[in-house]
Amino acid sequence: MDHYKHITIDERETIFLMRNHGNSLREIASHIKKSYSTISRELSRNSTGKSYSPSKAQEKYKQRKGNCGRVSLLSNPQVFEVVREHFCEDLWSPEEISNRLAVEKYPVQISTTTIYRGIFNGLFDNLFKSGSSSAVRHLRHHGKSRHNKAYQEKRGKIPIPNKIHDRSREADNRVEIGHWEGDTVLGKSGKACVVTLVDRNLVTCLLVKLLKELQKQSRIL
């Protein structure tokens with residue numbers, strides 16, 4: 001039996017019909033493959049007196065689902081006032097506010113992400129003595145960048161002109177000498193750097209330790 005999935009509107013209609021036909025809760029539970037406690041809870045939560053309506057039960061479920069989101073700590077007036085005072089009057093950063101509350105063992109701990117979210121959602125707009133309407137403009141930096149799922153990070157990536165699938169058939173089949181593959185290996189501390197060169201035909205490996213002035217360039221590549 002599936003005890004965890006929510007009851008659908010079709011299953012609610014089945015409960016309504018079987019209940020009116022005099023079936024027991026255990027018979028209904030077995031028929032729609034739910035637990036007895038799930039059926040009992042459905043009827044007790046969504047019935048009006050002794051009457052059970054599938055459509056009204058579905059509406060109640062949607063209302064509860066819409067109200068079940070996590071409540072922001074900034075909805076607490078005391079927490080909001082503490083954050084507002086430090087951010088709008090003392091001009092502290094969200095990191096400073098969160099860390100100070102943790103050090104002072106404030107009864108409610110709030111993360112920098114929650115504070116940034118409140119700022120970006122406009123909770124602190126028009127609360128500065130300077131008269132600035134946007135709280136975001138008072139941030140020293142704007143927190144973690146927010147992107148949609150399709151976003152691809154392009155910063156720090158160098159285009160590679162010669163890709164593996166573009167190499168010649170001779171190089172791919174290892175039938176000619178002189179096709180080399182190169183890579184760089186950085187030491188654990190990042191102070192030493194070695195270039196590796198491998199001939200695909202001979203499987204010969206050359207190792208070259210770079211001079212210090214060339215190591216910065218190798219990190220970029």
# chains A, B, ... in the order shown; residues from 1 in each chain; ligands from 1
>>> residues_around(residues="Glu181 of chain A", least_positions_apart="2", cutoff="8 Å", atoms="only C-alpha atoms", output="PyMOL selection string")
chain A and resi 179+183+197-200
>>> residues_around(residues="Val79 of chain A", least_positions_apart="4", cutoff="12 Å", atoms="only C-alpha atoms", output="PDB file with C-alpha atoms, in the first residue's frame")
ATOM      1  CA  SER A  72      10.175  33.510   7.152  1.00  0.00           C
ATOM      2  CA  LEU A  73      11.895  34.434  10.394  1.00  0.00           C
ATOM      3  CA  LEU A  74      11.520  38.061   9.323  1.00  0.00           C
ATOM      4  CA  SER A  75       7.756  37.727   9.855  1.00  0.00           C
ATOM      5  CA  VAL A  83      17.629  43.162  11.614  1.00  0.00           C
ATOM      6  CA  ARG A  84      16.095  46.504  10.559  1.00  0.00           C
ATOM      7  CA  GLU A  85      18.014  48.423  13.249  1.00  0.00           C
ATOM      8  CA  HIS A  86      21.376  46.879  12.360  1.00  0.00           C
ATOM      9  CA  ILE A  97      24.092  40.815  11.456  1.00  0.00           C
ATOM     10  CA  SER A  98      23.850  37.021  11.268  1.00  0.00           C
ATOM     11  CA  LEU A 101      23.405  37.415  16.624  1.00  0.00           C
ATOM     12  CA  TYR A 106      20.326  35.706  20.376  1.00  0.00           C
ATOM     13  CA  PRO A 107      17.261  33.467  21.021  1.00  0.00           C
ATOM     14  CA  VAL A 108      16.506  33.275  17.288  1.00  0.00           C
ATOM     15  CA  GLN A 109      19.290  32.676  14.791  1.00  0.00           C
ATOM     16  CA  ILE A 110      18.828  33.989  11.259  1.00  0.00           C
ATOM     17  CA  SER A 111      20.944  33.163   8.220  1.00  0.00           C
ATOM     18  CA  THR A 114      17.146  34.869   4.858  1.00  0.00           C
ATOM     19  CA  ILE A 115      18.244  38.465   5.378  1.00  0.00           C
ATOM     20  CA  GLY A 118      14.076  39.902   2.773  1.00  0.00           C
TER      21      GLY A 118
END
>>> closest_residue(among="A:Arg167, A:Arg140, A:Lys62, A:Arg117", to="Ile7 of chain A", atoms="only C-alpha atoms")
A:Lys62
>>> residues_around(residues="Lys50 of chain A", least_positions_apart="6", cutoff="12 Å", atoms="only C-alpha atoms", output="list in words")
Phe16, Arg19, Asn20, Leu43 and Ser44 of chain A
>>> atom_distance(atom1="atom CA of Pro77 of chain A", atom2="atom CA of Leu139 of chain A")
22.2 Å
>>> closest_residue(among="A:Ile9, A:Ala29, A:Ala135, A:Val185", to="Ala57 of chain A", atoms="only C-alpha atoms")
A:Ile9
>>> decode(residues="segment 7-30 of chain A", atoms="N, CA and C atoms", output="CSV table (one decimal), in the first residue's frame")
chain,number,residue,atom,x,y,z
A,7,ILE,N,-4.0,12.1,-1.5
A,7,ILE,CA,-5.2,11.6,-2.1
A,7,ILE,C,-5.6,12.5,-3.3
A,8,THR,N,-6.0,11.9,-4.4
A,8,THR,CA,-6.4,12.6,-5.6
A,8,THR,C,-7.9,12.9,-5.6
A,9,ILE,N,-8.3,13.7,-6.5
A,9,ILE,CA,-9.8,14.0,-6.6
A,9,ILE,C,-10.5,12.7,-7.0
A,10,ASP,N,-9.9,11.9,-7.8
A,10,ASP,CA,-10.6,10.6,-8.2
A,10,ASP,C,-10.8,9.7,-7.1
A,11,GLU,N,-9.7,9.6,-6.2
A,11,GLU,CA,-9.8,8.8,-5.0
A,11,GLU,C,-10.8,9.3,-4.0
A,12,ARG,N,-10.9,10.6,-3.9
A,12,ARG,CA,-11.9,11.2,-3.1
A,12,ARG,C,-13.3,10.9,-3.5
A,13,GLU,N,-13.5,10.9,-4.8
A,13,GLU,CA,-14.9,10.5,-5.4
A,13,GLU,C,-15.2,9.0,-5.1
A,14,THR,N,-14.1,8.2,-5.1
A,14,THR,CA,-14.3,6.8,-4.8
A,14,THR,C,-14.7,6.6,-3.3
A,15,ILE,N,-14.0,7.3,-2.5
A,15,ILE,CA,-14.3,7.3,-1.0
A,15,ILE,C,-15.7,7.7,-0.8
A,16,PHE,N,-16.2,8.7,-1.5
A,16,PHE,CA,-17.6,9.2,-1.4
A,16,PHE,C,-18.6,8.2,-1.8
A,17,LEU,N,-18.3,7.5,-2.9
A,17,LEU,CA,-19.3,6.5,-3.4
A,17,LEU,C,-19.3,5.3,-2.6
A,18,MET,N,-18.1,4.8,-2.2
A,18,MET,CA,-18.1,3.6,-1.4
A,18,MET,C,-18.6,3.8,0.0
A,19,ARG,N,-18.4,5.0,0.5
A,19,ARG,CA,-18.9,5.3,1.9
A,19,ARG,C,-20.4,5.4,1.8
A,20,ASN,N,-21.0,5.9,0.8
A,20,ASN,CA,-22.5,6.0,0.6
A,20,ASN,C,-23.1,4.6,0.4
A,21,HIS,N,-22.3,3.7,-0.2
A,21,HIS,CA,-22.7,2.3,-0.4
A,21,HIS,C,-22.5,1.4,0.9
A,22,GLY,N,-22.0,2.0,1.9
A,22,GLY,CA,-21.9,1.3,3.2
A,22,GLY,C,-20.6,0.5,3.4
A,23,ASN,N,-19.6,0.7,2.5
A,23,ASN,CA,-18.4,0.0,2.7
A,23,ASN,C,-17.6,0.5,3.9
A,24,SER,N,-16.9,-0.3,4.5
A,24,SER,CA,-16.1,0.0,5.7
A,24,SER,C,-14.8,0.8,5.3
A,25,LEU,N,-14.2,1.5,6.2
A,25,LEU,CA,-13.0,2.2,5.9
A,25,LEU,C,-11.9,1.3,5.5
A,26,ARG,N,-11.8,0.1,6.0
A,26,ARG,CA,-10.8,-0.8,5.6
A,26,ARG,C,-11.0,-1.3,4.2
A,27,GLU,N,-12.2,-1.5,3.8
A,27,GLU,CA,-12.6,-1.9,2.4
A,27,GLU,C,-12.2,-0.8,1.4
A,28,ILE,N,-12.5,0.4,1.8
A,28,ILE,CA,-12.1,1.6,1.0
A,28,ILE,C,-10.6,1.7,0.8
A,29,ALA,N,-9.9,1.6,2.0
A,29,ALA,CA,-8.5,1.7,2.0
A,29,ALA,C,-7.8,0.6,1.1
A,30,SER,N,-8.4,-0.6,1.1
A,30,SER,CA,-7.8,-1.7,0.3
A,30,SER,C,-8.1,-1.4,-1.2
